[in-house]
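Peer 1: Data file entry-v4.txt (compact mmCIF, C-alpha atoms and all ligand atoms) is appended below.
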```txt
# COMPACT_ATOMS: atom_id res chain seq x y z
CA MET A 882 -25.35 -2.24 -16.19
CA THR A 883 -26.97 0.99 -15.06
CA PRO A 884 -24.45 3.34 -13.55
CA PRO A 885 -25.66 4.80 -10.25
CA SER A 886 -26.07 8.55 -9.98
CA SER A 887 -22.91 10.63 -9.93
CA THR A 888 -23.61 11.93 -6.44
CA THR A 889 -23.42 8.38 -5.07
CA ILE A 890 -20.12 7.84 -6.84
CA GLU A 891 -18.51 11.03 -5.61
CA SER A 892 -19.65 10.70 -2.03
CA THR A 893 -18.60 7.08 -1.67
CA ALA A 894 -15.37 7.53 -3.61
CA GLU A 895 -14.49 10.36 -1.26
CA SER A 896 -14.93 8.10 1.74
CA ALA A 897 -12.30 5.78 0.28
CA VAL A 898 -9.65 8.39 -0.31
CA GLY A 899 -10.01 11.32 2.09
CA PRO A 900 -9.11 14.01 2.95
CA GLY A 901 -11.74 14.28 5.59
CA ALA A 902 -12.30 10.64 4.86
CA PHE A 903 -12.27 9.69 8.51
CA ALA A 904 -15.34 11.80 9.12
CA THR A 905 -17.18 10.74 5.98
CA THR A 906 -16.52 7.07 6.59
CA ALA A 907 -17.75 7.25 10.16
CA GLU A 908 -20.85 9.18 9.19
CA SER A 909 -21.72 7.14 6.15
CA PRO A 910 -25.31 6.03 6.63
CA THR A 911 -24.66 2.41 5.70
CA VAL A 912 -21.88 2.16 8.25
CA SER A 913 -23.57 4.03 11.07
CA GLY A 914 -26.50 1.63 11.13
CA ALA A 915 -29.24 3.50 9.28
CA ASP A 916 -29.29 0.67 6.78
CA ASP A 917 -29.14 -2.26 9.17
CA ALA A 918 -30.61 -4.76 6.75
CA ALA A 919 -27.84 -4.19 4.24
CA VAL A 920 -25.13 -4.21 6.88
CA SER A 921 -26.23 -7.33 8.71
CA ALA A 922 -25.85 -9.47 5.60
CA THR A 923 -22.11 -8.91 5.64
CA LEU A 924 -21.17 -8.84 9.29
CA GLY A 925 -18.58 -11.10 10.90
CA GLY A 926 -19.06 -14.63 12.08
CA GLU A 927 -21.29 -15.75 9.22
CA ARG A 928 -20.73 -19.31 8.12
CA LYS A 929 -20.41 -20.20 4.52
CA THR A 930 -22.34 -23.12 3.09
CA GLY A 931 -20.64 -26.27 1.79
CA TRP A 932 -20.94 -25.40 -1.86
CA GLU A 933 -19.37 -22.01 -1.28
CA GLN A 934 -16.39 -23.71 0.33
CA PHE A 935 -16.17 -26.19 -2.53
CA ALA A 936 -16.25 -23.52 -5.22
CA LEU A 937 -13.64 -21.57 -3.39
CA GLY A 938 -11.40 -24.59 -2.91
CA LEU A 939 -11.60 -25.43 -6.59
CA PHE A 940 -10.90 -21.88 -7.51
CA VAL A 941 -7.89 -21.53 -5.23
CA VAL A 942 -6.31 -24.83 -6.19
CA VAL A 943 -6.50 -24.92 -9.98
CA PRO A 944 -4.60 -21.76 -11.00
CA PHE A 945 -1.93 -22.38 -8.41
CA LEU A 946 -1.44 -25.95 -9.66
CA ALA A 947 -0.30 -24.50 -12.96
CA LEU A 948 2.24 -22.35 -11.17
CA VAL A 949 3.38 -25.20 -8.93
CA ALA A 950 3.71 -27.55 -11.93
CA ALA A 951 6.62 -25.46 -13.16
CA ILE A 952 8.62 -26.03 -10.00
CA PRO A 953 9.42 -29.79 -10.29
CA VAL A 954 10.50 -29.24 -13.87
CA MET A 955 13.21 -26.86 -12.72
CA TRP A 956 13.89 -28.39 -9.30
CA GLY A 957 17.29 -29.98 -8.73
CA TRP A 958 19.00 -28.36 -11.69
CA GLY A 959 17.32 -25.06 -12.35
CA LEU A 960 16.94 -23.43 -8.96
CA GLY A 961 19.87 -22.02 -7.00
CA TRP A 962 20.00 -19.70 -4.02
CA HIS A 963 20.84 -16.83 -6.40
CA ASP A 964 17.45 -17.33 -8.04
CA ILE A 965 15.68 -17.37 -4.68
CA VAL A 966 17.35 -14.14 -3.58
CA ILE A 967 16.64 -12.39 -6.90
CA ALA A 968 13.00 -13.53 -6.94
CA ALA A 969 12.42 -12.59 -3.29
CA VAL A 970 13.96 -9.12 -3.65
CA MET A 971 12.07 -8.43 -6.89
CA TYR A 972 8.84 -9.69 -5.27
CA ALA A 973 9.33 -7.40 -2.27
CA ILE A 974 10.18 -4.31 -4.37
CA SER A 975 7.41 -4.64 -6.95
CA GLY A 976 4.88 -5.97 -4.42
CA HIS A 977 5.38 -3.19 -1.89
CA GLY A 978 5.37 -0.71 -4.78
CA VAL A 979 1.77 -1.80 -5.31
CA THR A 980 0.66 -2.16 -1.69
CA ILE A 981 2.39 0.93 -0.24
CA GLY A 982 2.54 3.07 -3.40
CA TYR A 983 -0.36 2.26 -5.74
CA HIS A 984 -2.75 1.28 -2.99
CA ARG A 985 -2.19 2.98 0.36
CA LEU A 986 -0.54 6.19 -0.94
CA PHE A 987 -2.04 6.94 -4.34
CA THR A 988 -5.49 5.35 -4.04
CA HIS A 989 -6.31 6.06 -0.40
CA ARG A 990 -3.91 8.84 0.65
CA ALA A 991 -3.14 7.04 3.91
CA PHE A 992 0.01 9.16 4.24
CA LYS A 993 1.97 11.89 2.48
CA ALA A 994 5.42 11.15 1.06
CA ASN A 995 8.46 13.13 -0.06
CA ARG A 996 8.56 13.72 -3.81
CA TRP A 997 11.40 11.28 -4.55
CA LEU A 998 9.67 8.55 -2.54
CA ARG A 999 6.34 9.12 -4.35
CA VAL A 1000 8.08 8.72 -7.70
CA THR A 1001 10.05 5.68 -6.48
CA LEU A 1002 6.93 3.96 -5.14
CA ALA A 1003 4.98 4.60 -8.34
CA PHE A 1004 7.88 3.24 -10.40
CA ALA A 1005 8.34 0.18 -8.16
CA GLY A 1006 4.58 -0.54 -8.36
CA GLY A 1007 4.77 -0.48 -12.15
CA MET A 1008 7.29 -3.31 -11.96
CA ALA A 1009 4.53 -5.61 -10.68
CA ILE A 1010 3.11 -5.32 -14.23
CA GLU A 1011 -0.43 -4.69 -13.03
CA GLY A 1012 -0.90 -1.62 -15.23
CA PRO A 1013 0.14 2.03 -14.99
CA VAL A 1014 -0.49 3.69 -11.64
CA VAL A 1015 -3.28 6.07 -12.79
CA ARG A 1016 -5.32 3.23 -14.31
CA TRP A 1017 -4.81 0.96 -11.28
CA VAL A 1018 -5.93 3.70 -8.89
CA ALA A 1019 -9.02 4.58 -10.95
CA ASP A 1020 -10.12 0.91 -11.01
CA HIS A 1021 -9.49 0.48 -7.32
CA ARG A 1022 -11.35 3.62 -6.27
CA ARG A 1023 -14.31 2.43 -8.30
CA HIS A 1024 -14.09 -0.90 -6.46
CA HIS A 1025 -14.38 0.92 -3.12
CA ALA A 1026 -17.14 3.21 -4.35
CA PHE A 1027 -19.41 0.26 -5.21
CA SER A 1028 -17.82 -2.65 -3.33
CA ASP A 1029 -19.84 -5.81 -4.04
CA ARG A 1030 -22.64 -3.80 -5.62
CA GLU A 1031 -23.49 -2.90 -9.17
CA GLY A 1032 -20.64 -0.82 -10.57
CA ASP A 1033 -17.86 -2.69 -8.73
CA PRO A 1034 -15.38 -3.71 -11.46
CA HIS A 1035 -14.43 -6.98 -9.76
CA SER A 1036 -16.95 -8.34 -7.27
CA PRO A 1037 -17.21 -12.15 -7.02
CA TRP A 1038 -20.93 -11.63 -6.28
CA ARG A 1039 -21.54 -9.99 -9.65
CA PHE A 1040 -23.59 -12.89 -11.04
CA GLY A 1041 -25.50 -13.87 -7.89
CA ASN A 1042 -25.24 -16.19 -4.88
CA SER A 1043 -25.85 -19.64 -6.35
CA PHE A 1044 -23.06 -22.19 -6.75
CA GLY A 1045 -22.68 -21.56 -10.48
CA ALA A 1046 -22.94 -17.80 -10.09
CA LEU A 1047 -20.29 -17.65 -7.37
CA THR A 1048 -17.90 -19.91 -9.31
CA LYS A 1049 -18.29 -17.66 -12.32
CA GLY A 1050 -18.04 -14.58 -10.10
CA LEU A 1051 -14.82 -15.76 -8.46
CA LEU A 1052 -13.22 -16.31 -11.86
CA TRP A 1053 -14.45 -12.91 -12.92
CA ALA A 1054 -13.11 -11.16 -9.79
CA HIS A 1055 -9.79 -12.99 -10.03
CA ILE A 1056 -8.94 -12.54 -13.69
CA GLY A 1057 -11.99 -12.10 -15.95
CA TRP A 1058 -12.60 -8.44 -15.14
CA LEU A 1059 -9.16 -7.59 -16.54
CA PHE A 1060 -10.55 -8.38 -19.98
CA ASP A 1061 -13.67 -6.23 -19.50
CA PRO A 1062 -13.76 -3.77 -22.39
CA GLU A 1063 -15.40 -1.21 -20.11
CA GLN A 1064 -12.60 0.96 -18.66
CA THR A 1065 -12.70 3.14 -15.57
CA ASP A 1066 -12.43 6.83 -16.44
CA PRO A 1067 -9.31 8.22 -14.71
CA ASN A 1068 -10.59 11.79 -15.10
CA ARG A 1069 -13.56 10.89 -12.97
CA TYR A 1070 -11.94 8.58 -10.41
CA ALA A 1071 -8.36 9.85 -10.23
CA PRO A 1072 -8.42 13.55 -11.22
CA ASP A 1073 -5.81 14.29 -8.54
CA LEU A 1074 -3.35 11.91 -10.22
CA VAL A 1075 -4.21 13.05 -13.74
CA ALA A 1076 -3.21 16.56 -12.55
CA ASP A 1077 0.01 15.33 -10.92
CA ARG A 1078 2.87 15.73 -13.42
CA ASP A 1079 5.23 13.32 -11.63
CA VAL A 1080 2.62 10.59 -11.45
CA VAL A 1081 1.56 11.02 -15.07
CA ARG A 1082 5.19 10.85 -16.17
CA VAL A 1083 5.77 7.61 -14.27
CA SER A 1084 2.46 6.23 -15.55
CA ARG A 1085 3.56 6.86 -19.13
CA LEU A 1086 6.84 5.04 -18.46
CA PHE A 1087 4.99 1.83 -17.72
CA TRP A 1088 6.74 0.14 -20.65
CA LEU A 1089 10.09 0.85 -18.96
CA GLN A 1090 8.89 -0.57 -15.64
CA GLY A 1091 7.74 -3.72 -17.41
CA THR A 1092 11.01 -4.05 -19.32
CA LEU A 1093 13.13 -3.65 -16.18
CA SER A 1094 10.87 -6.02 -14.25
CA LEU A 1095 11.47 -8.79 -16.77
CA GLY A 1096 15.00 -7.76 -17.75
CA LEU A 1097 16.73 -7.19 -14.42
CA PRO A 1098 16.44 -10.76 -13.05
CA PRO A 1099 18.24 -12.41 -16.02
CA LEU A 1100 20.79 -9.59 -16.11
CA ILE A 1101 21.58 -9.88 -12.40
CA GLY A 1102 21.41 -13.70 -12.51
CA GLY A 1103 23.79 -13.85 -15.46
CA LEU A 1104 26.31 -11.41 -14.00
CA TRP A 1105 26.15 -12.96 -10.54
CA SER A 1106 27.02 -16.47 -11.77
CA MET A 1107 28.79 -15.34 -14.95
CA SER A 1108 26.80 -17.89 -16.92
CA ILE A 1109 23.99 -18.15 -19.43
CA THR A 1110 22.28 -20.70 -17.18
CA GLY A 1111 22.26 -18.13 -14.38
CA ALA A 1112 20.56 -15.65 -16.70
CA LEU A 1113 17.96 -18.23 -17.80
CA THR A 1114 17.08 -19.46 -14.32
CA GLY A 1115 17.09 -15.85 -13.10
CA PHE A 1116 14.53 -15.06 -15.78
CA PHE A 1117 12.37 -18.10 -15.00
CA TRP A 1118 12.19 -17.59 -11.22
CA GLY A 1119 12.87 -13.88 -10.81
CA ALA A 1120 10.69 -12.70 -13.68
CA LEU A 1121 8.09 -15.30 -14.77
CA VAL A 1122 7.33 -17.12 -11.52
CA ARG A 1123 7.65 -13.97 -9.40
CA VAL A 1124 5.32 -11.86 -11.59
CA SER A 1125 2.82 -14.70 -11.89
CA LEU A 1126 2.77 -15.35 -8.14
CA LEU A 1127 2.39 -11.65 -7.37
CA HIS A 1128 -0.44 -11.34 -9.89
CA HIS A 1129 -2.31 -14.25 -8.34
CA VAL A 1130 -1.82 -12.88 -4.84
CA THR A 1131 -3.09 -9.42 -5.86
CA TRP A 1132 -6.05 -10.98 -7.68
CA SER A 1133 -6.77 -13.18 -4.68
CA VAL A 1134 -7.42 -10.06 -2.64
CA ASN A 1135 -10.14 -9.18 -5.18
CA SER A 1136 -11.58 -12.68 -5.36
CA ILE A 1137 -10.89 -14.75 -2.21
CA CYS A 1138 -10.91 -11.79 0.21
CA HIS A 1139 -14.42 -10.86 -1.00
CA ALA A 1140 -15.79 -14.37 -0.61
CA ALA A 1141 -13.97 -15.86 2.39
CA GLY A 1142 -12.33 -14.92 5.63
CA GLN A 1143 -13.34 -13.47 8.97
CA ARG A 1144 -15.41 -10.32 9.14
CA PRO A 1145 -14.76 -8.84 12.56
CA PHE A 1146 -15.28 -5.27 11.31
CA ARG A 1147 -18.36 -3.48 10.07
CA SER A 1148 -18.23 -2.93 6.33
CA ARG A 1149 -20.96 -2.58 3.77
CA ASP A 1150 -19.59 -5.36 1.52
CA LYS A 1151 -18.42 -8.97 1.78
CA SER A 1152 -14.74 -8.26 2.42
CA GLY A 1153 -12.97 -10.72 4.72
CA ASN A 1154 -9.67 -11.06 6.59
CA VAL A 1155 -7.74 -14.01 5.11
CA TRP A 1156 -4.79 -14.81 7.37
CA TRP A 1157 -2.98 -17.30 5.12
CA LEU A 1158 -2.51 -14.67 2.41
CA SER A 1159 -1.09 -12.05 4.77
CA VAL A 1160 2.63 -12.69 4.21
CA PHE A 1161 2.53 -12.92 0.41
CA SER A 1162 -0.02 -10.09 0.11
CA MET A 1163 2.22 -7.95 2.35
CA GLY A 1164 -0.66 -7.21 4.72
CA GLU A 1165 -3.34 -6.54 2.10
CA SER A 1166 -5.40 -9.63 2.88
CA TRP A 1167 -6.64 -8.04 6.13
CA HIS A 1168 -9.22 -6.82 3.67
CA ASN A 1169 -12.21 -6.58 5.99
CA LEU A 1170 -10.46 -3.92 8.07
CA HIS A 1171 -9.41 -2.19 4.88
CA HIS A 1172 -13.00 -1.82 3.69
CA ALA A 1173 -14.15 -0.81 7.17
CA ASP A 1174 -11.47 1.89 7.29
CA PRO A 1175 -10.03 2.47 3.78
CA THR A 1176 -7.65 5.32 4.61
CA SER A 1177 -5.87 3.52 7.45
CA ALA A 1178 -2.13 3.13 6.74
CA ARG A 1179 -2.18 -0.20 8.56
CA HIS A 1180 -4.46 -3.08 7.53
CA GLY A 1181 -3.33 -5.72 10.03
CA VAL A 1182 -4.50 -3.89 13.15
CA LEU A 1183 -5.34 -6.75 15.49
CA ARG A 1184 -2.84 -8.72 17.59
CA GLY A 1185 -0.53 -10.94 15.55
CA GLN A 1186 -1.74 -9.71 12.14
CA LEU A 1187 1.36 -9.45 9.92
CA ASP A 1188 1.39 -6.37 7.71
CA SER A 1189 4.82 -5.74 6.17
CA SER A 1190 3.49 -2.76 4.19
CA GLY A 1191 2.30 -1.06 7.38
CA ARG A 1192 5.63 -1.82 9.04
CA ILE A 1193 7.61 -0.29 6.15
CA ILE A 1194 5.43 2.87 6.22
CA TRP A 1195 6.25 3.05 9.94
CA LEU A 1196 9.98 2.85 9.07
CA PHE A 1197 9.60 5.52 6.37
CA GLU A 1198 8.00 7.74 9.01
CA LYS A 1199 10.93 7.15 11.39
CA PHE A 1200 13.34 8.16 8.59
CA GLY A 1201 11.28 11.32 8.00
CA TRP A 1202 10.38 10.34 4.43
CA VAL A 1203 6.60 10.26 5.00
CA HIS A 1204 4.32 12.36 7.18
CA ASP A 1205 0.65 12.80 8.11
CA VAL A 1206 0.31 9.03 8.37
CA ARG A 1207 -3.24 7.93 9.23
CA TRP A 1208 -2.49 5.37 11.93
CA PRO A 1209 -5.63 3.83 13.38
CA SER A 1210 -6.11 4.63 17.06
CA ALA A 1211 -7.32 1.97 19.51
CA GLU A 1212 -10.70 3.73 19.79
CA ARG A 1213 -11.02 3.89 16.03
CA ILE A 1214 -10.40 0.15 15.70
CA LYS A 1215 -12.77 -0.63 18.56
CA ALA A 1216 -15.53 1.52 17.08
CA ARG A 1217 -15.48 -0.59 13.93
CA LEU A 1218 -15.62 -4.00 15.61
CA VAL A 1219 -18.87 -5.87 15.14
CA ALA A 1220 -18.56 -7.56 18.54
CA GLU A 1221 -18.10 -4.19 20.23
CA ARG A 1222 -21.21 -2.82 18.56
CA GLU A 1223 -23.15 -5.88 19.63
CA ARG A 1224 -21.96 -5.47 23.23
CA GLU A 1225 -23.08 -1.84 23.25
CA ARG A 1226 -26.45 -2.83 21.85
CA GLN A 1227 -26.90 -5.41 24.61
CA LEU A 1228 -25.93 -2.89 27.28
CA ALA A 1229 -28.42 -0.41 25.86
CA THR A 1230 -31.17 -3.06 25.85
CA GLN A 1231 -30.41 -3.97 29.47
CA ALA A 1232 -30.47 -0.32 30.53
CA SER A 1233 -33.84 0.38 28.93
ZN ZN B 1 -11.94 -5.01 -1.79
ZN ZN B 2 -8.30 -0.19 -1.23
```
As a first step, turn the structure in this file into structure tokens.
Ligand SMILES: [Zn+2]
Ligand SMILES: [Zn+2]

Peer 2:
Amino acid sequence: MTPPSSTTIESTAESAVGPGAFATTAESPTVSGADDAAVSATLGGERKTGWEQFALGLFVVVPFLALVAAIPVMWGWGLGWHDIVIAAVMYAISGHGVTIGYHRLFTHRAFKANRWLRVTLAFAGGMAIEGPVVRWVADHRRHHAFSDREGDPHSPWRFGNSFGALTKGLLWAHIGWLFDPEQTDPNRYAPDLVADRDVVRVSRLFWLQGTLSLGLPPLIGGLWSMSITGALTGFFWGALVRVSLLHHVTWSVNSICHAAGQRPFRSRDKSGNVWWLSVFSMGESWHNLHHADPTSARHGVLRGQLDSSGRIIWLFEKFGWVHDVRWPSAERIKARLVAERERERQLATQAS
């Protein structure tokens, strides 16, 4: 693959992280309409063809079947309410560590946080076992810099638009890219984090985050029930199933949310809003809005769109733990709606 020129990388990466990102995003030529041909291919309301739906269905069902197959084996004897509580709490802590910490804070600087909270969020994110924070951020910024174009580390459109190419692309975006020997250079994509001593320290303690992530559920499960069985089932549900489910949900944002879903907002890629992933993805599956407005602290901005990560940032702000939160204003949201743009275009046509 030919890497695009460095100026393209820096200017687009900047639009994903700020500061000043609001201005750069709004003025980006591809977003403002100078490149209408490129934009129109990805606007909302497009219908997918039958084979696209089929490939997607196949792709969604098969990996989850493996996960679901484990449940009947344990059901009835190996799942107690202790396990459910442990798994749910661990899912929420490690998951929000990724969505609020890794993603909205460290990648996109959607808000500023007190030092102890920054460190806590980075540590909690590590417990999702999706890699150290600096590496995750570098990969994700590269994804925004090239979203669904050459250079994107995990676009499902990497191999083309045909049935076979999309099937292969979805597998690549979901899991294959993780095995790509080509690594994103953190010095280029995350120099701010490389220079941040706290973040580097937490990043280097990734082994500890992984150990605690897998070790705490059996420890708590064992102590809670004072039994070996409690430790074993705690490990199965609270560590294995929880980590696996969280991985698949995170990967689904890379794969499914770039191939399916509604596209009510203008973005220069194929990102979509996938409602049925919103609870488990903790608001991250409102991915079309996220690509239309990467630095927004809230992703579920329309009525009824659940976004637990956005809600927790709002709570942190109330407690005084975070500040300078980039909440999207009503005008800002409206300006990015495809329908709104279309309405303005029609009004302009009528007037002329
Ligand atoms: Zn994306
Ligand atoms: Zn992002």

Peer 1: For CA of Tyr1070 (chain A) and CA of Phe1040 (chain A), quote the distance in Å rounded to one decimal.

Peer 2: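 CA of Tyr1070 (chain A) sits 24.4 Å away from CA of Phe1040 (chain A).
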
Peer 1: May I ask for the distance between CA of Trp1132 (chain A) and CA of Val979 (chain A), given in Å to one decimal place?

Peer 2: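 Between CA of Trp1132 (chain A) and CA of Val979 (chain A) the gap works out to 12.3 Å.
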
Peer 1: Find the residues near ligand ZN 2 (chain B). Use a cut-off of 8 Å, count all atoms listed in the file, and write them as a PyMOL selection string.

Peer 2: chain A and resi 897+984-985+988-989+1021-1022+1024-1025+1171-1172+1175

Peer 1: With a distance cut-off of 12 Å and all atoms listed in the file, select the neighbouring residues of Ser1094 (chain A), excluding the residue or stretch itself and same-chain residues fewer than 6 positions from it, and output the selection as an NGL selection string.

Peer 2: :A and (967-968 or 970-972 or 974-976 or 1004-1011 or 1087-1088 or 1100-1101 or 1115-1116 or 1119-1124)

Peer 1: Compute the set of protein, DNA and RNA residues whose minimum atom distance to ligand ZN 1 (chain B) is at most 9 Å, using all atoms listed in the file, and state it as a PyMOL selection string.

Peer 2: chain A and resi 1021+1024-1025+1028-1029+1035-1036+1134-1136+1138-1139+1150-1153+1168-1169+1171-1172

Peer 1: In terms of the shortest atom-to-atom distance over only C-alpha atoms, which of A:Ile1137, A:Ala991, A:Ala1019, A:Ile965 is closest to Asp1066 (chain A)?

Peer 2: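 Ranked by minimum distance to Asp1066 (chain A), first place goes to A:Ala1019.
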
Peer 1: Closest to Ser1177 (chain A) among A:Thr1114, A:Ser1210, A:Asn1154, A:Ser1189, using all atoms listed in the file?

Peer 2: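 Nearest candidate to Ser1177 (chain A) out of A:Thr1114, A:Ser1210, A:Asn1154, A:Ser1189: A:Ser1210.
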
Peer 1: How many Å separate CA of Trp1156 (chain A) from CA of Leu1170 (chain A)?

Peer 2: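 CA of Trp1156 (chain A) sits 12.3 Å away from CA of Leu1170 (chain A).
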
Peer 1: Residues proximal to (2.3, 8.9, -14.0) were defined as those with any atom within 10 Å of that point in the file's coordinates, counting only C-alpha atoms. Which are they, as a ChimeraX atom specification?

Peer 2: /A:1000,1003-1004,1007,1013-1016,1074-1087

Peer 1: Place a sphere of radius 9 Å on (-10.8, -6.4, 20.2) in the file coordinates and name every protein, DNA or RNA residue with an atom inside or on its surface, counting only C-alpha atoms; give the answer as number ranges by chain.

Peer 2: A: 1145, 1183-1184, 1214-1215, 1218, 1220-1221

Peer 1: Counting only C-alpha atoms, which of A:Gly978, A:Gly1102, A:Gly1091, A:Gly1012 gets nearest to Leu1059 (chain A)?

Peer 2: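 Closest residue, counting only C-alpha atoms: A:Gly1012.
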
Peer 1: Here is a test: counting only C-alpha atoms, which residue of A:Ser1125, A:Ile1109, A:Asp1033, A:Tyr983 is nearest to Leu1095 (chain A)?

Peer 2: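 Looking at the shortest contact to Leu1095 (chain A), the residue is A:Ser1125.
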
Peer 1: Can region 953-972 of chain A be brought up to N, CA and C atoms and written out as a tab-separated table (two decimals), in the coordinates of the input?

Peer 2:
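What follows is the written file result-v7.tsv:
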```tsv
chain	number	residue	atom	x	y	z
A	953	PRO	N	8.67	-28.53	-10.15
A	953	PRO	CA	9.42	-29.79	-10.29
A	953	PRO	C	10.23	-29.88	-11.56
A	954	VAL	N	9.77	-29.22	-12.60
A	954	VAL	CA	10.50	-29.24	-13.87
A	954	VAL	C	11.88	-28.63	-13.69
A	955	MET	N	11.95	-27.58	-12.90
A	955	MET	CA	13.21	-26.86	-12.72
A	955	MET	C	13.98	-27.34	-11.49
A	956	TRP	N	13.29	-28.01	-10.59
A	956	TRP	CA	13.89	-28.39	-9.30
A	956	TRP	C	15.11	-29.28	-9.49
A	957	GLY	N	16.13	-29.09	-8.67
A	957	GLY	CA	17.29	-29.98	-8.73
A	957	GLY	C	18.37	-29.46	-9.66
A	958	TRP	N	17.96	-28.87	-10.79
A	958	TRP	CA	19.00	-28.36	-11.69
A	958	TRP	C	18.81	-26.87	-11.98
A	959	GLY	N	17.59	-26.43	-11.89
A	959	GLY	CA	17.32	-25.06	-12.35
A	959	GLY	C	16.92	-24.08	-11.27
A	960	LEU	N	17.26	-24.39	-10.02
A	960	LEU	CA	16.94	-23.43	-8.96
A	960	LEU	C	18.10	-23.35	-7.98
A	961	GLY	N	18.76	-22.22	-7.95
A	961	GLY	CA	19.87	-22.02	-7.00
A	961	GLY	C	19.50	-20.92	-6.02
A	962	TRP	N	20.34	-20.73	-5.01
A	962	TRP	CA	20.00	-19.70	-4.02
A	962	TRP	C	20.05	-18.31	-4.62
A	963	HIS	N	20.84	-18.11	-5.68
A	963	HIS	CA	20.84	-16.83	-6.40
A	963	HIS	C	19.43	-16.51	-6.89
A	964	ASP	N	18.81	-17.53	-7.48
A	964	ASP	CA	17.45	-17.33	-8.04
A	964	ASP	C	16.46	-16.96	-6.95
A	965	ILE	N	16.60	-17.64	-5.79
A	965	ILE	CA	15.68	-17.37	-4.68
A	965	ILE	C	15.85	-15.93	-4.19
A	966	VAL	N	17.10	-15.50	-4.05
A	966	VAL	CA	17.35	-14.14	-3.58
A	966	VAL	C	16.80	-13.12	-4.58
A	967	ILE	N	17.11	-13.34	-5.86
A	967	ILE	CA	16.64	-12.39	-6.90
A	967	ILE	C	15.11	-12.32	-6.91
A	968	ALA	N	14.47	-13.51	-6.89
A	968	ALA	CA	13.00	-13.53	-6.94
A	968	ALA	C	12.40	-12.87	-5.70
A	969	ALA	N	12.97	-13.15	-4.53
A	969	ALA	CA	12.42	-12.59	-3.29
A	969	ALA	C	12.57	-11.06	-3.25
A	970	VAL	N	13.74	-10.57	-3.66
A	970	VAL	CA	13.96	-9.12	-3.65
A	970	VAL	C	13.05	-8.44	-4.66
A	971	MET	N	12.94	-9.02	-5.86
A	971	MET	CA	12.07	-8.43	-6.89
A	971	MET	C	10.61	-8.47	-6.44
A	972	TYR	N	10.23	-9.56	-5.76
A	972	TYR	CA	8.84	-9.69	-5.27
A	972	TYR	C	8.56	-8.58	-4.26
```
